[in-house]
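Asks: Once you've had a glance at the structure underneath, I'll fire off some questions.
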4 protein chains.
Amino acid sequence: MTSPSPRPLRVGLIGHGFMGAAHSHAWRTAHRFFDLPLTPELRTLAGRSRETLTASAERYGFASVTTRWQDVVEDPEIDLVDICTPGDTHREIALAALAAGKHVLCEKPLANSVAEAEEMADAARAASARGVRSLCGFSYRRTPALAFARRLVEEGFVGDLRQVRAQYLQDWLADADAPMTWRLEKETAGSGALGDIGAHVVDLVQWITGTDIESVSGTLATVVPTRPAAGAMQGLGGKGDAAGERREVTVDDTALFSVRLADGVLGSFEATRMAQGRKNAMRIELHGSDGAIAFDFERMNELETYDATAPAGRQGFTRVLTTEPEHPYAAAWWPTGHGLGYEHTFTHEIADLVRAIGEGTDPSPSFDEALRVQRVLAAVEASHADDSRWTAVGPTPSTASTTEETAR
Amino acid sequence: MTSPSPRPLRVGLIGHGFMGAAHSHAWRTAHRFFDLPLTPELRTLAGRSRETLTASAERYGFASVTTRWQDVVEDPEIDLVDICTPGDTHREIALAALAAGKHVLCEKPLANSVAEAEEMADAARAASARGVRSLCGFSYRRTPALAFARRLVEEGFVGDLRQVRAQYLQDWLADADAPMTWRLEKETAGSGALGDIGAHVVDLVQWITGTDIESVSGTLATVVPTRPAAGAMQGLGGKGDAAGERREVTVDDTALFSVRLADGVLGSFEATRMAQGRKNAMRIELHGSDGAIAFDFERMNELETYDATAPAGRQGFTRVLTTEPEHPYAAAWWPTGHGLGYEHTFTHEIADLVRAIGEGTDPSPSFDEALRVQRVLAAVEASHADDSRWTAVGPTPSTASTTEETAR
Amino acid sequence: MTSPSPRPLRVGLIGHGFMGAAHSHAWRTAHRFFDLPLTPELRTLAGRSRETLTASAERYGFASVTTRWQDVVEDPEIDLVDICTPGDTHREIALAALAAGKHVLCEKPLANSVAEAEEMADAARAASARGVRSLCGFSYRRTPALAFARRLVEEGFVGDLRQVRAQYLQDWLADADAPMTWRLEKETAGSGALGDIGAHVVDLVQWITGTDIESVSGTLATVVPTRPAAGAMQGLGGKGDAAGERREVTVDDTALFSVRLADGVLGSFEATRMAQGRKNAMRIELHGSDGAIAFDFERMNELETYDATAPAGRQGFTRVLTTEPEHPYAAAWWPTGHGLGYEHTFTHEIADLVRAIGEGTDPSPSFDEALRVQRVLAAVEASHADDSRWTAVGPTPSTASTTEETAR
Amino acid sequence: MTSPSPRPLRVGLIGHGFMGAAHSHAWRTAHRFFDLPLTPELRTLAGRSRETLTASAERYGFASVTTRWQDVVEDPEIDLVDICTPGDTHREIALAALAAGKHVLCEKPLANSVAEAEEMADAARAASARGVRSLCGFSYRRTPALAFARRLVEEGFVGDLRQVRAQYLQDWLADADAPMTWRLEKETAGSGALGDIGAHVVDLVQWITGTDIESVSGTLATVVPTRPAAGAMQGLGGKGDAAGERREVTVDDTALFSVRLADGVLGSFEATRMAQGRKNAMRIELHGSDGAIAFDFERMNELETYDATAPAGRQGFTRVLTTEPEHPYAAAWWPTGHGLGYEHTFTHEIADLVRAIGEGTDPSPSFDEALRVQRVLAAVEASHADDSRWTAVGPTPSTASTTEETAR
């Protein structure tokens with residue numbers, strides 16, 4: 001077996017929670033289904049606790065571990081830093097990695113504030129001039145059905161856009177006695193449903209329609225304002241025990257906002273963790289003069305399309321199983337009708353990223369695009385603070401541009 | 001055949017468009033499927049053009065016609081006046097009919113302004129004291145699935161309400177060259193998507209949840225601001241012909257609004273005629289601490305229910321075919337699984353109305369309830385005019401109360 | 001109101017159970033939504049018990065009653081005899097009515113045996129020569145979605161037929177303690193699931209595809225062989241009481257059969273009352289070289305169509321809401337997206353029948369077509385008795401032909 | 001990183017087509033999501049053509065290659081032989097591997113004849129006594145929704161079984177000009193739709209219900225009897241070119257069969273590659289006295305369940321997203337609502353197999369269970385040859401037993 005192996009792409013990954021597991025699976029898998037110019041190598045896993053870290057590294061397939069993220073950034077043997085830590089650490093790590101000439105994959109949200117995000121976008125733009133690439137992990141873009149939706153819009157399938165509807169519905173907070181977590185504290189999480197899941201649909205709508213959100217009118221709410229402290233749960237009493245201490249939830253659990261896109265088109269957005277019964281219902285509906293598109297991540301292998309130019313009487317929503325060779329990413333996998341899962345979005349993201357690095361182009365979503373999302377979220381918060389008045393989204397740097405390659 | 005017939009209820013119907021056809025079918029049909037204390041008799045049909053009127057009367061089964069609505073109101077042989085004319089005439093006819101001691105069924109919206117609606121509600125309350133009944137035709141309440149949804153909420157199925165989502169989506173204006181009609185002119189129609197279809201979901205959410213909307217933040221838009229004049233279409237050029245005259249659309253085609261219900265619960269509302277592909281998608285979703293409910297009128301014989309108290313692993317949305325004897329109105333019709341259609345909502349409405357008249361109780365939705373809807377719509381318009389700021393809904397008369405009987 | 005009324009069509013209806021209610025609603029309603037050359041008049045209702053008969057007649061709108069069906073057949077004031085009695089009486093009544101020169105609408109199944117059905121078909125053919133019309137009530141043909149399916153097949157939408165799947169699934173016998181009824185006794189009912197509901201899908205598949213079933217291989221079963229006697233239920237004990245008498249079920253509750261259509265195309269058929277959870281799931285799927293069609297009566301306002309000639313990547317099942325003006329029967333009713341119900345199939349049937357009578361043409365399904373269905377059912381029974389060997393369906397009279405008009 | 005690694009399980013895989021890709025992904029992935037007693041190591045990949053083999057081995061992650069399968073079987077460094085070759089080679093390889101003391105994973109169908117399968121099952125039983133394990137790759141059993149369906153049936157959810165419906169629908173042969181392949185020649189493929197996809201639903205129904213199929217009445221068909229030779233396609237003419245040579249299809253493209261399970265329960269089965277529009281519609285429906293279950297692989301993350309013991313009016317099919325921690329295999333993966341894909345069925349299969357090997361128990365489906373499937377298929381073919389008469393399924397060896405562990 002002497003065939004010339006492609007060059008390695010040596011990866012250091014920081015953070016080993018849910019996202020660390022998803023990313024490392026993608027790093028192990030991408031080159032086994034896609035033709036890539038570089039072969040990922042899992043070099044170092046960084047995390048805070050050495051014990052669990054070692055077990056994670058073994059399970060994920062990393063060669064070494066460290067409890068100092070700086071080790072990863074400084075290691076000359078590492079080509080790319082993959083940041084899977086909470087948002088409040090993104091800026092520091094990403095700036096250091098870019099300065100050290102490492103390519104960066106940074107989980108979303110890019111940062112916990114617009115100011116941080118601006119700094120990071122500036123650094124990424126500068127690094128790009130030196131051939132250093134960065135990508136922010138809005139991985140849902142790599143859902144085949146959604147990438148296909150974007151292609152349809154580009155091809156004019158929906159005609160002039162008339163109406164947008166975007167929801168990200170989960171239900172893990174519908175129970176008033178679901179316990180407190182750091183995700184529900186403003187100082188650590190930065191934001192609630194808005195920043196965590198609302199960010200995804202903001203990014204997706206802008207990306208699929210190719211149109212920016214220009215202004216917003218928004219409202220945030222915390223429907224259940226206190227929750228049992230985690231300790232109270234385990235220690236003293238049971239769920240909802242009167243004796244149990246309850247702590248204040250300091251982020252939103254529900255965000256509603258209307259948006260204005262170009263040409264007066266309105267969009268209705270919603271992000272909530274209170275939608276009892278909806279597990280991961282990321283739903284997007286676009287209506288245009290010539291057609292419509294509807295998607296729900298709970299059925300991620302399907303895209304519904306409506307062709308208003310079809311003969312009268314034959315129109316209707318068509319349930320396209322996006323598992324055909326013609327669909328983005330699908331040809332790399334199984335025969336038609338054999339669906340993909342959630343983790344594939346990450347595998348596709350890695351494949352596109354590795355290809356861009358190999359080809360010397362900037363991958364998408366760039367940090368500039370991620371900054372754009374951040375500005376929209378900030379505008380929603382500002383509108384909420386101003387009695388839901390319409391609020392303009394801050395400007396996008398004029399130098400922002402995106403090149404994008406879809407893995408074939 | 002000498003069995004003692006029940007007393008007749010002699011009906012005069014004013015207006016013979018789409019609603020006139022639907023109402024007269026219901027008047028002819030209700031007593032043939034429900035046991036009613038009075039038997040409807042179609043006495044007089046009133047309309048403006050004698051020719052088409054006579055043909056309509058024959059088709060609908062009326063014994064006589066008149067081009068003066070006053071004839072109906074003044075006729076001592078008529079017991080009930082059914083008002084199916086455009087909204088700007090409701091006040092005058094309804095006040096006259098109530099003054100003349102006629103029961104009144106008035107199509108929605110109750111009126112074109114809150115002031116008119118208040119006057120009508122006052123008159124209806126006063127008439128009730130004299131045994132004269134009134135009902136506003138929010139007929140969708142009589143959809144079996146929605147009446148069942150209300151019953152489930154009353155029984156505590158969803159627990160504490162957490163989240164509401166209500167949409168009324170149609171697409172007949174998605175085509176920018178769909179011609180101008182009187183429905184798109186403010187002076188005649190009063191309102192656009194908001195008042196015509198948004199009113200239904202406002203009424204339904206308040207009725208099903210038993211909770212009032214307290215404040216709103218709303219936005220209206222007219223995405224396609226001009227349309228071919230009807231004459232231009234027929235006369236000079238074809239669809240979208242450059243030579244064709246276009247006229248200004250002076251009502252909204254899209255309305256988005258957030259609402260606050262009691263206890264901080266937020267709701268997201270949308271009414272639009274621009275939702276390409278959606279024909280009559282009146283969708284309502286309620287999420288609570290213990291369960292959820294979802295409905296789409298395009299599948300009107302189904303209600304989706306989610307029981308969060310079911311054993312873990314067995315939870316999911318249950319598609320209930322609301323055609324069982326246990327479901328509201330369903331026992332009067334066909335065997336289980338044999339669905340009902342749009343017109344049945346009117347037949348049920350008439351059945352409930354006739355029963356209330358026979359039993360001497362006030363039917364629902366009362367004019368007070370309809371006024372409540374009007375106030376919400378007015379608040380949406382006020383919020384829109386005030387840059388979408390949160391706007392309180394005006395007070396409901398304290399004497400408002402509803403008694404309701406469901407036809408069995 | 002002196003406009004010249006169309007001539008009346010005076011109707012005598014025999015039988016006042018479930019079908020009597022459905023038919024009389026259709027007779028009252030058809031001319032109010034469709035332009036018909038004759039106006040139905042409900043003259044006489046015939047039934048066995050005078051008390052319930054009088055109440056039914058009043059409720060259904062008949063002018064007179066009789067306990068002798070012969071009165072209806074002999075009445076010179078009656079133009080059409082509508083036979084809604086059990087199958088064992090069809091032959092005698094229909095032959096008498098046709099001999100008396102009355103048009104005949106006969107509920108399905110046409111008769112309880114092929115021999116009876118042949119006699120009736122002969123009589124109907126002879127009567128047709130004298131201008132007397134007959135129709136057998138396979139009313140599901142008038143479901144807009146299914147009439148549209150037939151049109152699509154005629155237009156070549158599916159190309160060469162490859163595969164057929166037809167199921168009629170109900171569940172009212174899944175409970176082993178559902179009580180005995182006359183429908184489960186061979187001497188009265190003739191057949192079980194096969195003849196009652198299987199007949200519908202046999203007729204529909206032949207009609208939609210325009211192709212005859214040539215041979216069958218079938219199996220019948222009675223999964224629950226005994227059931228509580230009705231008396232036992234009410235009298236002695238409760239449901240499933242050990243003391244309760246159980247009686248033998250002498251008809252099938254499940255029928256499975258494969259069929260061969262022309263050109264070697266196979267079809268899979270199933271009719272059962274044991275399909276727990278399925279209420280009225282009459283499902284038909286057709287697959288061809290160029291497309292496919294799928295239908296389920298539980299969603300009767302929808303037809304799913306698959307266009308294999310659409311561009312690769314855009315193919316999928318399209319959910320057509322068959323409520324557009326282009327769809328059969330739909331223009332007579334409500335705006336798009338406002339669905340129809342079960343009873344509309346009868347109204348459409350009556351409209352088509354009255355038009356055929358007015359125009360002097362033979363309506364469809366003719367007695368010859370109904371005889372064809374009967375032959376298929378008989379072949380299934382013969383195959384079952386012969387260890388499920390393939391069994392040819394008996395010949396169709398060469399004179400059989402159908403003219404069909406769809407009410408507009 | 002000195003934590004003691006679990007023992008390796010050294011794998012040799014024979015065959016590197018579609019199944020080789022799926023299996024090697026599973027071997028690479030299983031221990032990264034499931035706690036396993038042994039760690040799979042991809043040692044040798046065997047195939048016929050050295051060039052493509054080397055590329056495959058690199059892509060799949062094997063350390064070495066060979067063009068002689070015997071090298072794998074004889075290699076003392078290999079613990080398990082994974083057979084992904086066509087069915088006609090299974091017997092020889094499996095017997096050699098078992099004789100050499102290797103654990104065996106053999107793709108389905110176990111063999112191309114009952115006689116071969118019997119020999120293999122005998123060998124597997126004998127090997128088991130020596131601690132050597134075997135499993136036949138009916139991987140669909142490891143779909144979480146289907147494993148959950150089996151659990152529900154075991155727990156009595158459906159009560160007494162009343163009715164079974166099983167379909168495996170694909171459409172890649174609906175086009176009459178789809179080219180000839182070795183899969184359509186009897187000498188190489190052994191069987192058509194029946195053996196390839198029908199086998200899956202036979203196995204699943206027996207496994208989920210815990211009930212054997214006792215007799216069958218079946219029909220096979222080849223709706224499109226000739227197809228363009230592959231050469232004709234590429235060389236001379238285009239698709240359907242008159243000049244192009246067409247060759248005879250010698251296997252079935254459609255199989256219909258009825259089955260009898262214990263207690264007179266009937267089942268309706270269908271396997272076809274002619275079902276235009278259905279891509280991988282493996283559908284199973286079970287109806288019982290107390291409930292029902294429905295599944296379609298095109299929505300593999302959903303199971304529909306019907307609880308007939310729920311309160312009247314609240315019954316309906318519940319769409320369970322089988323992504324909860326309570327569902328089989330799901331806890332190893334992502335948060336609720338984040339679906340899995342086709343390949344996960346293989347990963348789960350490998351996890352269960354490795355666990356059984358580590359624990360010294362026999363995994364399931366055993367070769368005996370696979371033999372049982374083979375007997376059913378043979379009975380269908382025998383019935384078809386005997387004019388579809390009911391035909392008994394041959395006996396199962398009395399020593400057959402299954403122990404099964406579900407990976408947690």
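Letters A, B, ... go to the chains of the structure tokens in the order shown; residues in each chain start at 1; ligands are counted from 1 in the same order.
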Sorted by chain and rising residue number, list the residues of chain A at most 9 Å from chain B (counting only C-alpha atoms), each with its closest atom pair and distance in Å to one decimal, as a Markdown table.
Replies:
| residue | atom | partner | partner_atom | distance |
| --- | --- | --- | --- | --- |
| A:Val158 | CA | B:Gln276 | CA | 9.0 |
| A:Arg162 | CA | B:Met274 | CA | 6.3 |
| A:Gln163 | CA | B:Ala275 | CA | 6.5 |
| A:Val164 | CA | B:Ala275 | CA | 8.7 |
| A:Asp171 | CA | B:His287 | CA | 9.0 |
| A:Leu173 | CA | B:Ser289 | CA | 8.9 |
| A:Ala174 | CA | B:Ser289 | CA | 5.3 |
| A:Asp175 | CA | B:Ser289 | CA | 5.4 |
| A:Ala176 | CA | B:Ser289 | CA | 7.2 |
| A:Ser217 | CA | B:Ser388 | CA | 7.1 |
| A:Gly218 | CA | B:Ser258 | CA | 8.8 |
| A:Thr219 | CA | B:Ser258 | CA | 8.0 |
| A:Ala221 | CA | B:Leu266 | CA | 7.6 |
| A:Thr222 | CA | B:Gly264 | CA | 8.2 |
| A:Val223 | CA | B:Gly264 | CA | 6.2 |
| A:Val224 | CA | B:Arg162 | CA | 8.7 |
| A:Thr254 | CA | B:Leu266 | CA | 8.2 |
| A:Leu256 | CA | B:Ser268 | CA | 7.0 |
| A:Phe257 | CA | B:Ser258 | CA | 8.1 |
| A:Ser258 | CA | B:Leu256 | CA | 7.2 |
| A:Asp263 | CA | B:Val223 | CA | 8.1 |
| A:Gly264 | CA | B:Val223 | CA | 6.2 |
| A:Val265 | CA | B:Val223 | CA | 6.3 |
| A:Leu266 | CA | B:Ala221 | CA | 7.6 |
| A:Gly267 | CA | B:Leu256 | CA | 8.4 |
| A:Ser268 | CA | B:Leu256 | CA | 7.0 |
| A:Phe269 | CA | B:Ser268 | CA | 8.8 |
| A:Glu270 | CA | B:Ser268 | CA | 7.9 |
| A:Thr272 | CA | B:Gln163 | CA | 8.7 |
| A:Met274 | CA | B:Arg162 | CA | 6.3 |
| A:Ala275 | CA | B:His287 | CA | 5.4 |
| A:Gln276 | CA | B:His287 | CA | 5.0 |
| A:Gly277 | CA | B:Tyr306 | CA | 6.0 |
| A:Arg278 | CA | B:Gly316 | CA | 8.8 |
| A:Leu286 | CA | B:Ala275 | CA | 8.1 |
| A:His287 | CA | B:Gln276 | CA | 5.0 |
| A:Gly288 | CA | B:Gln276 | CA | 6.1 |
| A:Ser289 | CA | B:Ala174 | CA | 5.3 |
| A:Asp290 | CA | B:Asp175 | CA | 7.7 |
| A:Gly291 | CA | B:Gln276 | CA | 6.3 |
| A:Ala292 | CA | B:Gln276 | CA | 5.9 |
| A:Ile293 | CA | B:Gly277 | CA | 8.9 |
| A:Thr305 | CA | B:Gly277 | CA | 8.9 |
| A:Tyr306 | CA | B:Gly277 | CA | 6.0 |
| A:Asp307 | CA | B:Gly277 | CA | 8.1 |
| A:Ala308 | CA | B:Gly277 | CA | 7.3 |
| A:Gln315 | CA | B:Gly277 | CA | 8.1 |
| A:Gly316 | CA | B:Gly277 | CA | 6.7 |
| A:Phe317 | CA | B:Gly277 | CA | 7.0 |
| A:Asp386 | CA | B:Arg389 | CA | 8.2 |
| A:Asp387 | CA | B:Arg389 | CA | 5.4 |
| A:Ser388 | CA | B:Arg389 | CA | 5.3 |
| A:Arg389 | CA | B:Arg389 | CA | 5.2 |
| A:Trp390 | CA | B:Asp387 | CA | 6.1 |
Asks: Could you please take those selected residues and save N, CA and C atoms as a compact mmCIF listing (two decimals), in the first residue's frame?
Replies:
# COMPACT_ATOMS: atom_id res chain seq x y z
N VAL A 158 -38.20 30.35 -6.48
CA VAL A 158 -39.31 31.01 -5.77
C VAL A 158 -39.66 32.36 -6.38
N ARG A 162 -41.52 36.91 -1.11
CA ARG A 162 -42.70 37.63 -0.60
C ARG A 162 -42.80 37.56 0.92
N GLN A 163 -42.26 36.49 1.51
CA GLN A 163 -42.60 36.21 2.90
C GLN A 163 -41.63 35.17 3.44
N VAL A 164 -41.19 35.38 4.68
CA VAL A 164 -40.30 34.42 5.32
C VAL A 164 -40.85 34.06 6.69
N ASP A 171 -38.19 22.07 23.45
CA ASP A 171 -39.12 22.03 24.59
C ASP A 171 -38.49 21.68 25.92
N LEU A 173 -37.36 23.34 28.24
CA LEU A 173 -37.66 24.21 29.38
C LEU A 173 -39.16 24.33 29.64
N ALA A 174 -39.97 23.59 28.92
CA ALA A 174 -41.42 23.71 29.12
C ALA A 174 -41.82 23.26 30.52
N ASP A 175 -41.05 22.35 31.06
CA ASP A 175 -41.29 21.90 32.43
C ASP A 175 -40.69 22.94 33.39
N ALA A 176 -41.55 23.54 34.22
CA ALA A 176 -41.10 24.62 35.12
C ALA A 176 -40.09 24.12 36.13
N SER A 217 -37.91 44.04 14.82
CA SER A 217 -38.73 44.45 15.96
C SER A 217 -38.91 43.20 16.80
N GLY A 218 -38.36 43.22 18.01
CA GLY A 218 -38.30 41.97 18.75
C GLY A 218 -38.73 42.05 20.19
N THR A 219 -39.05 40.88 20.69
CA THR A 219 -39.47 40.75 22.09
C THR A 219 -38.84 39.49 22.68
N ALA A 221 -38.64 37.00 26.23
CA ALA A 221 -39.38 36.68 27.45
C ALA A 221 -38.73 35.53 28.18
N THR A 222 -38.91 35.54 29.47
CA THR A 222 -38.52 34.42 30.30
C THR A 222 -39.79 33.95 30.98
N VAL A 223 -40.44 32.98 30.35
CA VAL A 223 -41.77 32.59 30.80
C VAL A 223 -41.70 31.91 32.18
N VAL A 224 -40.66 31.13 32.38
CA VAL A 224 -40.46 30.53 33.70
C VAL A 224 -39.25 31.22 34.33
N THR A 254 -37.66 32.52 25.36
CA THR A 254 -38.46 32.70 24.15
C THR A 254 -38.10 34.02 23.49
N LEU A 256 -39.28 36.35 20.08
CA LEU A 256 -40.10 36.56 18.89
C LEU A 256 -39.60 37.81 18.20
N PHE A 257 -39.39 37.74 16.90
CA PHE A 257 -39.05 38.99 16.21
C PHE A 257 -39.49 38.98 14.77
N SER A 258 -39.91 40.15 14.34
CA SER A 258 -40.21 40.38 12.94
C SER A 258 -38.98 41.01 12.32
N ASP A 263 -36.46 45.18 -0.03
CA ASP A 263 -37.69 45.30 -0.82
C ASP A 263 -38.95 45.14 0.00
N GLY A 264 -38.86 45.44 1.28
CA GLY A 264 -40.08 45.43 2.08
C GLY A 264 -40.59 44.06 2.46
N VAL A 265 -39.84 43.04 2.16
CA VAL A 265 -40.29 41.69 2.52
C VAL A 265 -40.18 41.52 4.03
N LEU A 266 -41.25 41.00 4.63
CA LEU A 266 -41.27 40.78 6.07
C LEU A 266 -40.98 39.31 6.38
N GLY A 267 -40.36 39.13 7.52
CA GLY A 267 -40.15 37.77 8.00
C GLY A 267 -40.57 37.68 9.45
N SER A 268 -41.06 36.50 9.82
CA SER A 268 -41.48 36.24 11.19
C SER A 268 -40.55 35.20 11.79
N PHE A 269 -39.91 35.55 12.90
CA PHE A 269 -38.93 34.65 13.52
C PHE A 269 -39.34 34.29 14.94
N GLU A 270 -38.94 33.11 15.33
CA GLU A 270 -39.25 32.66 16.68
C GLU A 270 -38.19 31.65 17.11
N THR A 272 -37.47 29.34 20.66
CA THR A 272 -38.01 29.08 21.99
C THR A 272 -37.62 27.69 22.47
N MET A 274 -39.58 26.53 24.93
CA MET A 274 -40.82 26.28 25.67
C MET A 274 -41.87 25.60 24.81
N ALA A 275 -41.50 25.18 23.61
CA ALA A 275 -42.50 24.68 22.68
C ALA A 275 -42.74 23.19 22.91
N GLN A 276 -43.44 22.91 23.97
CA GLN A 276 -43.74 21.52 24.37
C GLN A 276 -44.03 20.63 23.16
N GLY A 277 -43.32 19.54 23.05
CA GLY A 277 -43.58 18.58 21.99
C GLY A 277 -42.67 18.72 20.78
N ARG A 278 -42.06 19.89 20.64
CA ARG A 278 -41.16 20.09 19.51
C ARG A 278 -39.74 19.86 20.00
N LEU A 286 -40.22 29.75 2.99
CA LEU A 286 -40.03 30.91 2.12
C LEU A 286 -41.15 30.91 1.09
N HIS A 287 -41.76 32.05 0.89
CA HIS A 287 -42.80 32.16 -0.13
C HIS A 287 -42.39 33.22 -1.13
N GLY A 288 -42.50 32.93 -2.39
CA GLY A 288 -42.17 33.90 -3.42
C GLY A 288 -43.25 33.99 -4.48
N SER A 289 -43.00 34.82 -5.46
CA SER A 289 -43.99 35.01 -6.52
C SER A 289 -44.17 33.75 -7.35
N ASP A 290 -43.13 32.94 -7.45
CA ASP A 290 -43.19 31.77 -8.33
C ASP A 290 -43.15 30.43 -7.62
N GLY A 291 -42.87 30.45 -6.32
CA GLY A 291 -42.79 29.18 -5.65
C GLY A 291 -42.56 29.36 -4.16
N ALA A 292 -42.47 28.24 -3.49
CA ALA A 292 -42.27 28.27 -2.04
C ALA A 292 -41.43 27.07 -1.63
N ILE A 293 -40.86 27.19 -0.45
CA ILE A 293 -39.99 26.14 0.09
C ILE A 293 -40.30 26.01 1.58
N THR A 305 -41.22 21.60 -1.66
CA THR A 305 -41.13 22.67 -2.65
C THR A 305 -42.48 22.85 -3.33
N TYR A 306 -42.80 24.08 -3.63
CA TYR A 306 -44.07 24.40 -4.30
C TYR A 306 -43.77 25.20 -5.54
N ASP A 307 -44.17 24.69 -6.68
CA ASP A 307 -43.90 25.35 -7.95
C ASP A 307 -45.17 26.01 -8.46
N ALA A 308 -45.24 27.33 -8.28
CA ALA A 308 -46.44 28.05 -8.68
C ALA A 308 -46.54 28.20 -10.19
N GLN A 315 -50.52 21.81 -8.93
CA GLN A 315 -49.65 22.44 -7.95
C GLN A 315 -49.86 21.85 -6.56
N GLY A 316 -48.81 21.87 -5.81
CA GLY A 316 -48.88 21.39 -4.44
C GLY A 316 -47.48 21.31 -3.89
N PHE A 317 -47.37 21.11 -2.60
CA PHE A 317 -46.04 20.98 -2.02
C PHE A 317 -45.49 19.58 -2.33
N ASP A 386 -36.19 48.60 23.79
CA ASP A 386 -36.84 49.84 23.37
C ASP A 386 -38.31 49.59 23.05
N ASP A 387 -38.95 48.76 23.82
CA ASP A 387 -40.39 48.51 23.68
C ASP A 387 -40.74 47.93 22.31
N SER A 388 -39.81 47.18 21.75
CA SER A 388 -40.01 46.48 20.47
C SER A 388 -40.06 47.39 19.25
N ARG A 389 -39.61 48.60 19.39
CA ARG A 389 -39.54 49.46 18.19
C ARG A 389 -38.64 48.84 17.13
N TRP A 390 -38.91 49.18 15.89
CA TRP A 390 -38.06 48.73 14.80
C TRP A 390 -36.66 49.30 14.97
Asks: Extract the full set of alpha helix (DSSP H) residues from region 153-273 of chain D according to DSSP on the backbone, and format it as a list in words.
Replies: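 Matching residues, listed in order: Val153, Glu154, Lys186, Glu187, Thr188, Ala189, Ala193, Ala199, His200, Val201, Val202, Asp203, Leu204, Val205, Gln206, Trp207, Ile208, Thr209, Ala230, Gly231, Ala232, Met233 and Gln234 of chain D.
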Asks: Write to file, as a PDB file, in the first residue's frame, the residues of the selection just made, with C-alpha atoms.
Replies:
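The new file again-v8.pdb reads:
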ATOM      1  CA  VAL D 153     -44.876  -5.720  21.092  1.00  0.00           C
ATOM      2  CA  GLU D 154     -43.046  -7.636  23.805  1.00  0.00           C
ATOM      3  CA  LYS D 186     -30.655 -15.590 -11.830  1.00  0.00           C
ATOM      4  CA  GLU D 187     -27.319 -17.415 -12.045  1.00  0.00           C
ATOM      5  CA  THR D 188     -25.475 -14.637 -10.236  1.00  0.00           C
ATOM      6  CA  ALA D 189     -28.122 -12.981  -8.074  1.00  0.00           C
ATOM      7  CA  ALA D 193     -36.805  -8.250  -5.288  1.00  0.00           C
ATOM      8  CA  ALA D 199     -35.940 -10.908   2.909  1.00  0.00           C
ATOM      9  CA  HIS D 200     -35.625  -7.846   5.142  1.00  0.00           C
ATOM     10  CA  VAL D 201     -39.336  -7.499   5.830  1.00  0.00           C
ATOM     11  CA  VAL D 202     -39.730 -11.236   6.371  1.00  0.00           C
ATOM     12  CA  ASP D 203     -36.983 -11.115   8.992  1.00  0.00           C
ATOM     13  CA  LEU D 204     -38.341  -7.955  10.595  1.00  0.00           C
ATOM     14  CA  VAL D 205     -41.923  -9.115  10.915  1.00  0.00           C
ATOM     15  CA  GLN D 206     -40.852 -12.418  12.488  1.00  0.00           C
ATOM     16  CA  TRP D 207     -38.464 -10.635  14.815  1.00  0.00           C
ATOM     17  CA  ILE D 208     -40.754  -7.792  15.873  1.00  0.00           C
ATOM     18  CA  THR D 209     -43.800  -9.987  16.426  1.00  0.00           C
ATOM     19  CA  ALA D 230     -25.091  -2.459 -20.438  1.00  0.00           C
ATOM     20  CA  GLY D 231     -22.808  -2.535 -23.473  1.00  0.00           C
ATOM     21  CA  ALA D 232     -25.589  -1.512 -25.789  1.00  0.00           C
ATOM     22  CA  MET D 233     -26.153   1.478 -23.583  1.00  0.00           C
ATOM     23  CA  GLN D 234     -22.629   2.721 -23.667  1.00  0.00           C
TER      24      GLN D 234
END
